[in-house]
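Q: Please find protein_36.csv (CSV, C-alpha atoms) on the next line:
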chain,number,residue,atom,x,y,z
A,86,MET,CA,58.2,-17.4,-41.0
A,87,THR,CA,61.9,-18.0,-41.6
A,88,PRO,CA,64.3,-15.3,-43.0
A,89,THR,CA,64.4,-17.3,-46.3
A,90,ALA,CA,60.7,-17.7,-46.6
A,91,ASP,CA,58.8,-16.9,-49.7
A,92,LEU,CA,57.7,-13.2,-49.6
A,93,SER,CA,55.2,-13.4,-52.5
A,94,ILE,CA,51.9,-11.7,-52.0
A,95,LEU,CA,50.0,-15.0,-52.1
A,96,THR,CA,52.3,-16.5,-49.5
A,97,LEU,CA,52.0,-13.4,-47.3
A,98,ILE,CA,48.2,-13.6,-47.4
A,99,THR,CA,48.1,-17.3,-46.8
A,100,ASN,CA,50.4,-17.0,-43.7
A,101,ALA,CA,48.5,-13.9,-42.4
A,102,SER,CA,46.7,-14.1,-39.0
A,103,LEU,CA,42.9,-14.7,-38.9
A,104,VAL,CA,42.1,-11.1,-38.2
A,105,VAL,CA,44.2,-9.9,-41.1
A,106,LYS,CA,42.6,-12.4,-43.4
A,107,VAL,CA,39.1,-11.2,-42.3
A,108,VAL,CA,40.2,-7.6,-43.1
A,109,LEU,CA,41.5,-8.6,-46.5
A,110,GLY,CA,38.3,-10.5,-47.2
A,111,ILE,CA,36.3,-7.4,-46.3
A,112,LEU,CA,38.5,-5.2,-48.5
A,113,LEU,CA,38.2,-7.5,-51.5
A,114,PHE,CA,34.4,-7.6,-51.1
A,115,LEU,CA,34.3,-3.8,-50.9
A,116,SER,CA,36.5,-3.6,-54.0
A,117,LEU,CA,34.2,-5.9,-56.0
A,118,ALA,CA,31.2,-3.9,-54.8
A,119,SER,CA,32.8,-0.6,-55.9
A,120,TRP,CA,33.7,-2.0,-59.3
A,121,THR,CA,30.1,-3.3,-59.8
A,122,VAL,CA,28.7,0.2,-59.0
A,123,ILE,CA,31.4,1.8,-61.2
A,124,PHE,CA,30.3,-0.3,-64.3
A,125,GLN,CA,26.6,0.2,-63.5
A,126,LYS,CA,27.0,4.0,-63.1
A,127,PHE,CA,29.1,4.3,-66.2
A,128,PHE,CA,26.5,2.6,-68.4
A,129,SER,CA,23.5,4.3,-66.8
A,130,ILE,CA,25.0,7.8,-66.9
A,131,SER,CA,26.2,7.3,-70.5
A,132,ARG,CA,22.7,6.1,-71.5
A,133,ALA,CA,21.1,9.1,-69.8
A,134,SER,CA,23.4,11.5,-71.6
A,135,ARG,CA,22.7,9.9,-74.9
A,136,GLN,CA,19.0,9.9,-74.4
A,137,ILE,CA,19.1,13.6,-73.5
A,138,GLU,CA,21.0,14.3,-76.7
A,139,GLU,CA,18.5,12.4,-78.8
A,140,PHE,CA,15.5,14.1,-77.2
A,141,GLU,CA,16.9,17.6,-77.4
A,142,SER,CA,17.6,17.0,-81.1
A,143,ARG,CA,14.0,16.1,-81.7
A,144,PHE,CA,12.7,18.9,-79.4
A,145,TRP,CA,14.6,21.7,-81.1
A,146,SER,CA,14.0,20.3,-84.6
A,147,GLY,CA,10.6,22.0,-84.7
A,148,THR,CA,8.4,19.0,-83.9
A,149,ALA,CA,5.1,19.9,-82.4
A,150,LEU,CA,4.8,19.6,-78.7
A,151,ASN,CA,1.7,17.3,-78.9
A,152,GLN,CA,3.6,15.0,-81.2
A,153,LEU,CA,6.6,14.9,-78.8
A,154,MET,CA,4.1,14.1,-76.0
A,155,GLU,CA,2.6,11.2,-77.9
A,156,THR,CA,6.0,9.8,-78.7
A,157,ALA,CA,7.0,10.1,-75.0
A,158,LYS,CA,3.8,8.4,-73.9
A,159,ARG,CA,4.3,5.5,-76.4
A,160,ASN,CA,8.0,5.0,-75.5
A,161,GLU,CA,7.6,5.6,-71.8
A,162,ALA,CA,9.7,2.6,-70.8
A,163,ALA,CA,12.6,3.6,-73.1
A,164,SER,CA,12.4,7.4,-72.6
A,165,GLY,CA,15.2,9.3,-70.9
A,166,ILE,CA,15.2,11.7,-67.9
A,167,GLU,CA,14.6,14.8,-69.9
A,168,GLU,CA,11.8,13.3,-72.0
A,169,ARG,CA,10.0,12.1,-68.8
A,170,VAL,CA,10.4,15.6,-67.3
A,171,PHE,CA,8.9,17.0,-70.6
A,172,TYR,CA,6.0,14.6,-70.5
A,173,ALA,CA,5.2,15.3,-66.9
A,174,GLY,CA,5.2,19.1,-67.6
A,175,MET,CA,3.3,18.8,-70.9
A,176,ASN,CA,0.7,16.5,-69.4
A,177,GLU,CA,0.1,18.8,-66.5
A,178,PHE,CA,-0.1,21.8,-68.9
A,179,MET,CA,-2.8,20.0,-70.9
A,180,LYS,CA,-4.9,19.5,-67.8
A,181,GLN,CA,-4.7,23.1,-66.6
A,182,HIS,CA,-6.9,26.0,-67.7
A,183,ARG,CA,-4.4,27.8,-69.9
A,184,ALA,CA,-5.9,31.2,-69.0
A,185,ASP,CA,-5.0,30.6,-65.3
A,186,PRO,CA,-1.9,32.6,-64.4
A,187,GLN,CA,-1.0,29.9,-61.9
A,188,ALA,CA,-1.1,27.1,-64.5
A,189,LEU,CA,2.7,27.1,-64.9
A,190,ASN,CA,3.2,26.7,-61.2
A,191,GLY,CA,1.5,23.3,-61.4
A,192,VAL,CA,3.6,22.4,-64.5
A,193,SER,CA,6.8,23.4,-62.7
A,194,ARG,CA,5.9,21.2,-59.7
A,195,ALA,CA,5.0,18.2,-61.8
A,196,MET,CA,8.4,18.5,-63.7
A,197,ARG,CA,10.3,19.0,-60.5
A,198,ALA,CA,8.7,15.9,-58.9
A,199,VAL,CA,9.8,13.7,-61.9
A,200,TYR,CA,13.2,15.4,-62.0
A,201,ASN,CA,13.9,14.7,-58.4
A,202,ARG,CA,12.8,11.1,-58.7
A,203,GLU,CA,14.9,10.5,-61.8
A,204,MET,CA,18.0,12.2,-60.3
A,205,ASP,CA,17.7,10.1,-57.1
A,206,HIS,CA,17.8,7.0,-59.2
A,207,LEU,CA,20.7,8.3,-61.3
A,208,GLU,CA,22.7,9.1,-58.1
A,209,ASN,CA,22.0,5.8,-56.5
A,210,GLY,CA,25.3,4.1,-55.7
A,211,LEU,CA,27.4,7.2,-55.4
A,212,PRO,CA,27.2,7.3,-51.6
A,213,MET,CA,28.5,3.7,-51.5
A,214,LEU,CA,31.5,4.7,-53.6
A,215,ALA,CA,32.1,7.6,-51.3
A,216,SER,CA,31.9,5.3,-48.2
A,217,ILE,CA,34.2,2.7,-49.7
A,218,GLY,CA,36.7,5.4,-50.8
A,219,SER,CA,36.8,7.0,-47.3
A,220,THR,CA,36.7,3.8,-45.1
A,221,SER,CA,38.8,1.3,-47.0
A,222,PRO,CA,42.2,2.9,-46.1
A,223,TYR,CA,41.3,2.8,-42.4
A,224,ILE,CA,40.2,-0.8,-42.6
A,225,GLY,CA,43.5,-1.7,-44.3
A,226,LEU,CA,45.4,0.3,-41.7
A,227,PHE,CA,43.6,-1.6,-38.9
A,228,GLY,CA,44.8,-4.9,-40.5
A,229,THR,CA,48.3,-3.6,-40.8
A,230,VAL,CA,48.4,-2.4,-37.2
A,231,TRP,CA,47.1,-5.8,-36.0
A,232,GLY,CA,49.6,-7.7,-38.2
A,233,ILE,CA,52.5,-5.6,-36.9
A,234,MET,CA,51.4,-6.2,-33.3
A,235,ASN,CA,51.4,-9.9,-33.9
A,236,ALA,CA,54.8,-9.8,-35.6
A,237,PHE,CA,56.4,-8.0,-32.7
A,238,THR,CA,54.6,-10.2,-30.2
A,239,GLY,CA,56.1,-13.3,-31.9
A,240,LEU,CA,59.6,-11.7,-31.9
A,241,SER,CA,59.5,-11.4,-28.1
A,242,THR,CA,60.1,-15.1,-27.8
A,243,LEU,CA,63.2,-15.0,-30.0
A,244,GLU,CA,66.7,-14.4,-28.6
A,245,ASN,CA,68.4,-13.1,-31.8
A,246,VAL,CA,66.3,-10.6,-33.8
A,247,SER,CA,67.4,-9.2,-37.1
A,248,LEU,CA,65.8,-7.3,-40.0
A,249,ALA,CA,65.5,-10.6,-41.9
A,250,VAL,CA,63.4,-12.0,-39.2
A,251,VAL,CA,61.2,-8.9,-38.8
A,252,ALA,CA,60.7,-8.2,-42.5
A,253,PRO,CA,58.3,-11.0,-43.4
A,254,GLY,CA,55.9,-10.1,-40.6
A,255,ILE,CA,56.0,-6.4,-41.5
A,256,ALA,CA,55.4,-7.2,-45.2
A,257,GLU,CA,52.5,-9.5,-44.3
A,258,ALA,CA,50.9,-6.7,-42.4
A,259,LEU,CA,51.4,-4.1,-45.0
A,260,VAL,CA,49.5,-6.1,-47.6
A,261,ALA,CA,46.3,-5.0,-45.8
A,262,THR,CA,47.2,-1.3,-46.4
A,263,ALA,CA,48.0,-2.0,-50.0
A,264,ILE,CA,44.6,-3.8,-50.6
A,265,GLY,CA,42.8,-1.0,-48.7
A,266,LEU,CA,44.3,1.6,-51.1
A,267,PHE,CA,43.5,-0.7,-54.1
A,268,ALA,CA,39.9,-0.6,-53.0
A,269,ALA,CA,39.8,3.1,-52.1
A,270,ILE,CA,41.5,4.8,-55.1
A,271,PRO,CA,39.2,3.6,-57.9
A,272,ALA,CA,36.1,4.3,-55.7
A,273,VAL,CA,37.2,7.9,-55.0
A,274,ALA,CA,38.2,8.5,-58.6
A,275,ALA,CA,34.9,7.1,-59.9
A,276,PHE,CA,32.9,9.1,-57.3
A,277,ASN,CA,34.4,12.4,-58.4
A,278,TYR,CA,34.1,11.5,-62.1
A,279,PHE,CA,30.4,10.5,-61.9
A,280,SER,CA,29.5,13.4,-59.6
A,281,ASN,CA,30.9,15.8,-62.2
A,282,ARG,CA,29.0,14.1,-65.0
A,283,ILE,CA,25.8,14.1,-63.0
A,284,ASN,CA,26.2,17.8,-62.2
A,285,ARG,CA,26.6,18.6,-65.9
A,286,LEU,CA,23.4,16.7,-66.6
A,287,THR,CA,21.7,18.5,-63.8
A,288,ASN,CA,22.6,21.9,-65.2
A,289,ARG,CA,21.4,20.8,-68.6
A,290,LEU,CA,18.1,19.6,-67.3
A,291,ASP,CA,17.6,22.8,-65.3
A,292,GLY,CA,18.3,24.8,-68.4
A,293,PHE,CA,15.8,22.8,-70.5
A,294,SER,CA,13.1,23.1,-67.8
A,295,GLU,CA,13.4,26.9,-67.8
A,296,GLU,CA,13.3,27.1,-71.6
A,297,PHE,CA,10.3,24.7,-71.8
A,298,LEU,CA,8.4,26.8,-69.2
A,299,ASN,CA,9.1,29.9,-71.3
A,300,ILE,CA,7.7,28.1,-74.4
A,301,LEU,CA,4.5,27.1,-72.5
A,302,GLN,CA,4.2,30.7,-71.1
A,303,ARG,CA,4.2,32.1,-74.6
A,304,GLN,CA,1.4,29.6,-75.5
A,305,GLN,CA,-0.9,30.9,-72.8
A,306,PRO,CA,-3.6,33.3,-73.9
A,307,ARG,CA,-2.8,36.9,-73.2
A,308,SER,CA,-5.1,38.8,-70.9
Do you think you could lay out the structure here as C-alpha cells?

A:
Amino acid sequence: MTPTADLSILTLITNASLVVKVVLGILLFLSLASWTVIFQKFFSISRASRQIEEFESRFWSGTALNQLMETAKRNEAASGIEERVFYAGMNEFMKQHRADPQALNGVSRAMRAVYNREMDHLENGLPMLASIGSTSPYIGLFGTVWGIMNAFTGLSTLENVSLAVVAPGIAEALVATAIGLFAAIPAVAAFNYFSNRINRLTNRLDGFSEEFLNILQRQQPRS
C-alpha cells in the first residue's frame, strides 16, 4: 500500500491479509448472532412480562381458582410462565388429599419443576451473549497483532521507512480491534440488561409462588 493509498474502511478490509479477513468474518458472524439473540430475547422477555401482568390482574381480581385453572388449561399454548406455574401447582393440589399435611410439599415441587423449566427457556441465549462479549475483543486483538506483524515484516524490505508508509498497515490491522469492540459492546450491554430483567421476573415469580402456597394452605381443612 502506497502512502497516498485510500484509507477508507472498505479499502482497508479489502487489502487485509487472509488471516485478518478470516478474523473479521468471524467477528461479523458473532455480531450478527448476538443481534439475533438480542432481538429474540427482547421480544420473549417483554412477552413474558406482559403475560405475568395479565395473569396477576386476573388472579387478584377475585376469580375462583378453579376457573383460573380451567382457563389456563384451555389456553395452555398461549399461557405465560406464571400461569403455567399456577396450573402445575393447582393441578397437583387437586390430586392430593387435602387433609394431608404434606400435600403442599408436592404442590411446591410441581411448581418448582415448571418454574425451572420455564426459566431455563427464558435464559436461553444469555450465555452466548456473555461469550461473545468476553471473547470478541480478544479475537479482534489477535487480528490486529497479526496485521501489525505483517505490516512490519513488509517494511523490512524497504530502505526508506516513514510514518506515511507505516500508517496504512497499522490502520488495516486496527480495523479488527474496532470490529471486535463493535461485536462485544452490544452483547455485554444486552446481557446485563436482560439479566436484570430476568432477575426481576424471578423475584416476582418467587413472590407469587409463596403467596399462592399460602392461599392453598388456608384452604386445607384444619385438624

Q: Using all atoms listed in the file, which residue out of A:Ala261, A:Ala195, A:Leu103, A:Ala133 lies closest to A:Glu167?

A: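 When distances to A:Glu167 are compared using all atoms listed in the file, the smallest one comes from A:Ala133.
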
Q: List as an mmCIF file with C-alpha atoms, in the frame of the given file the protein and nucleic acid residues near A:Phe267, meaning an atom at most 12 Å away when all atoms listed in the file are counted, but skip any in the same chain fewer than 3 places from it.

A:
data_model
loop_
_atom_site.group_PDB
_atom_site.id
_atom_site.type_symbol
_atom_site.label_atom_id
_atom_site.label_comp_id
_atom_site.auth_asym_id
_atom_site.auth_seq_id
_atom_site.Cartn_x
_atom_site.Cartn_y
_atom_site.Cartn_z
ATOM 1 C CA LEU A 109 41.500 -8.600 -46.500
ATOM 2 C CA LEU A 112 38.500 -5.200 -48.500
ATOM 3 C CA LEU A 113 38.200 -7.500 -51.500
ATOM 4 C CA PHE A 114 34.400 -7.600 -51.100
ATOM 5 C CA LEU A 115 34.300 -3.800 -50.900
ATOM 6 C CA SER A 116 36.500 -3.600 -54.000
ATOM 7 C CA LEU A 117 34.200 -5.900 -56.000
ATOM 8 C CA SER A 119 32.800 -0.600 -55.900
ATOM 9 C CA TRP A 120 33.700 -2.000 -59.300
ATOM 10 C CA ILE A 217 34.200 2.700 -49.700
ATOM 11 C CA GLY A 218 36.700 5.400 -50.800
ATOM 12 C CA SER A 221 38.800 1.300 -47.000
ATOM 13 C CA PRO A 222 42.200 2.900 -46.100
ATOM 14 C CA ILE A 224 40.200 -0.800 -42.600
ATOM 15 C CA GLY A 225 43.500 -1.700 -44.300
ATOM 16 C CA VAL A 260 49.500 -6.100 -47.600
ATOM 17 C CA ALA A 261 46.300 -5.000 -45.800
ATOM 18 C CA THR A 262 47.200 -1.300 -46.400
ATOM 19 C CA ALA A 263 48.000 -2.000 -50.000
ATOM 20 C CA ILE A 264 44.600 -3.800 -50.600
ATOM 21 C CA ILE A 270 41.500 4.800 -55.100
ATOM 22 C CA PRO A 271 39.200 3.600 -57.900
ATOM 23 C CA ALA A 272 36.100 4.300 -55.700
ATOM 24 C CA VAL A 273 37.200 7.900 -55.000
ATOM 25 C CA ALA A 274 38.200 8.500 -58.600
#

Q: So that I can check the surroundings of A:Gly191, please list as a count of residues only every protein, DNA and RNA residue that reaches within 10 Å of it, counting only C-alpha atoms and ignoring chain neighbours fewer than 3 positions away.

A: 11

Q: What does the distance from atom CA of A:Glu257 to atom CA of A:Ala269 come to in Å, to one decimal?

A: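 We find that atom CA of A:Glu257 and atom CA of A:Ala269 lie 19.5 Å from each other.
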
Q: Ranking A:Phe140, A:Tyr223, A:Phe276, A:Trp231 by minimum distance to A:Leu290 and counting all atoms listed in the file, which one comes first?

A: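 Of A:Phe140, A:Tyr223, A:Phe276, A:Trp231, the one nearest A:Leu290 is A:Phe140, counting all atoms listed in the file.
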
Q: Using Å and a single decimal, report how far atom CA of A:Met204 sits from atom CA of A:Leu189.

A: 21.8 Å

Q: Report the centre and edge lengths, in Å to one decimal, of an axis-aligned box enclosing every atom of stretch 281-288 of chain A listed in the file, padded by 4 Å on each side, as lines of an AutoDock Vina configuration file.

A:
center_x = 26.3
center_y = 18.0
center_z = -64.4
size_x = 17.2
size_y = 15.8
size_z = 12.4

Q: Figure out the distance between atom CA of A:Ala275 and atom CA of A:Val107, please, to one decimal in Å.

A: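 Separating atom CA of A:Val107 from atom CA of A:Ala275 is a distance of 25.7 Å.
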
Q: Applying 12 Å and all atoms listed in the file, which residues near stretch 279-288 of chain A remain after dropping the ones on its own chain fewer than 2 positions away? List them as number ranges by chain.

A: A: 122-138, 165-167, 197, 200-201, 203-212, 214-215, 271-277, 290-295

Q: Can you spit out the residues from that selection as a short mmCIF file (atom, residue, chain, number, x, y, z; two decimals), in the coordinates of the input, using C-alpha atoms?

A:
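Done, and the output landed in out14.cif:
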data_model
loop_
_atom_site.label_atom_id
_atom_site.label_comp_id
_atom_site.auth_asym_id
_atom_site.auth_seq_id
_atom_site.Cartn_x
_atom_site.Cartn_y
_atom_site.Cartn_z
CA VAL A 122 28.70 0.20 -59.00
CA ILE A 123 31.40 1.80 -61.20
CA PHE A 124 30.30 -0.30 -64.30
CA GLN A 125 26.60 0.20 -63.50
CA LYS A 126 27.00 4.00 -63.10
CA PHE A 127 29.10 4.30 -66.20
CA PHE A 128 26.50 2.60 -68.40
CA SER A 129 23.50 4.30 -66.80
CA ILE A 130 25.00 7.80 -66.90
CA SER A 131 26.20 7.30 -70.50
CA ARG A 132 22.70 6.10 -71.50
CA ALA A 133 21.10 9.10 -69.80
CA SER A 134 23.40 11.50 -71.60
CA ARG A 135 22.70 9.90 -74.90
CA GLN A 136 19.00 9.90 -74.40
CA ILE A 137 19.10 13.60 -73.50
CA GLU A 138 21.00 14.30 -76.70
CA GLY A 165 15.20 9.30 -70.90
CA ILE A 166 15.20 11.70 -67.90
CA GLU A 167 14.60 14.80 -69.90
CA ARG A 197 10.30 19.00 -60.50
CA TYR A 200 13.20 15.40 -62.00
CA ASN A 201 13.90 14.70 -58.40
CA GLU A 203 14.90 10.50 -61.80
CA MET A 204 18.00 12.20 -60.30
CA ASP A 205 17.70 10.10 -57.10
CA HIS A 206 17.80 7.00 -59.20
CA LEU A 207 20.70 8.30 -61.30
CA GLU A 208 22.70 9.10 -58.10
CA ASN A 209 22.00 5.80 -56.50
CA GLY A 210 25.30 4.10 -55.70
CA LEU A 211 27.40 7.20 -55.40
CA PRO A 212 27.20 7.30 -51.60
CA LEU A 214 31.50 4.70 -53.60
CA ALA A 215 32.10 7.60 -51.30
CA PRO A 271 39.20 3.60 -57.90
CA ALA A 272 36.10 4.30 -55.70
CA VAL A 273 37.20 7.90 -55.00
CA ALA A 274 38.20 8.50 -58.60
CA ALA A 275 34.90 7.10 -59.90
CA PHE A 276 32.90 9.10 -57.30
CA ASN A 277 34.40 12.40 -58.40
CA LEU A 290 18.10 19.60 -67.30
CA ASP A 291 17.60 22.80 -65.30
CA GLY A 292 18.30 24.80 -68.40
CA PHE A 293 15.80 22.80 -70.50
CA SER A 294 13.10 23.10 -67.80
CA GLU A 295 13.40 26.90 -67.80
#

Q: Considering all atoms listed in the file, can you say which of A:Glu141, A:Val192, A:Ser146, A:Glu161 comes closest to A:Ala173?

A: A:Val192

Q: Could you check which of A:Arg169, A:Leu298, A:Gly265, A:Thr121 is closest to A:Thr229, using all atoms listed in the file?

A: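 Closest to A:Thr229 of all the choices is A:Gly265.
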
Q: Of the candidates A:Val230, A:Asn190, A:Phe297, A:Ile255, which shows the shortest atom-to-atom distance to A:Tyr172, using only C-alpha atoms?

A: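 Of the candidates, the smallest distance to A:Tyr172 is held by A:Phe297.
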
Q: Rank nothing, just name the residue among A:Ala162, A:Ala149, A:Ala101, A:Ala157 nearest to A:Gly232, using all atoms listed in the file.

A: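 The answer is A:Ala101, which sits nearest to A:Gly232.
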
Q: Quick one: residues within 9 Å of A:Met154, all atoms listed in the file, excluding same-chain residues fewer than 5 positions away - as an NGL selection string?

A: :A and (149 or 159 or 168 or 171-172 or 175-176)

Q: For stretch 200-213 of chain A, supply N, CA and C atoms and format the output as a short mmCIF file (atom, residue, chain, number, x, y, z; two decimals), in the coordinates of the input.

A:
data_model
loop_
_atom_site.label_atom_id
_atom_site.label_comp_id
_atom_site.auth_asym_id
_atom_site.auth_seq_id
_atom_site.Cartn_x
_atom_site.Cartn_y
_atom_site.Cartn_z
N TYR A 200 11.74 15.11 -62.01
CA TYR A 200 13.20 15.40 -62.00
C TYR A 200 13.87 14.88 -60.78
N ASN A 201 13.30 15.15 -59.62
CA ASN A 201 13.90 14.70 -58.40
C ASN A 201 13.95 13.17 -58.29
N ARG A 202 12.87 12.53 -58.72
CA ARG A 202 12.80 11.10 -58.70
C ARG A 202 13.88 10.45 -59.61
N GLU A 203 13.99 11.00 -60.81
CA GLU A 203 14.90 10.50 -61.80
C GLU A 203 16.39 10.72 -61.34
N MET A 204 16.66 11.87 -60.76
CA MET A 204 18.00 12.20 -60.30
C MET A 204 18.41 11.31 -59.12
N ASP A 205 17.45 11.05 -58.24
CA ASP A 205 17.70 10.10 -57.10
C ASP A 205 18.13 8.77 -57.63
N HIS A 206 17.44 8.31 -58.66
CA HIS A 206 17.80 7.00 -59.20
C HIS A 206 19.14 7.05 -59.90
N LEU A 207 19.45 8.15 -60.58
CA LEU A 207 20.70 8.30 -61.30
C LEU A 207 21.89 8.34 -60.28
N GLU A 208 21.66 8.98 -59.13
CA GLU A 208 22.70 9.10 -58.10
C GLU A 208 22.85 7.93 -57.21
N ASN A 209 21.93 6.97 -57.37
CA ASN A 209 22.00 5.80 -56.50
C ASN A 209 23.31 5.04 -56.71
N GLY A 210 23.98 4.74 -55.63
CA GLY A 210 25.30 4.10 -55.70
C GLY A 210 26.44 4.97 -55.39
N LEU A 211 26.29 6.27 -55.64
CA LEU A 211 27.40 7.20 -55.40
C LEU A 211 27.76 7.26 -53.89
N PRO A 212 26.77 7.27 -52.97
CA PRO A 212 27.20 7.30 -51.60
C PRO A 212 27.97 6.02 -51.18
N MET A 213 27.68 4.89 -51.83
CA MET A 213 28.50 3.70 -51.50
C MET A 213 29.91 3.87 -51.98
#
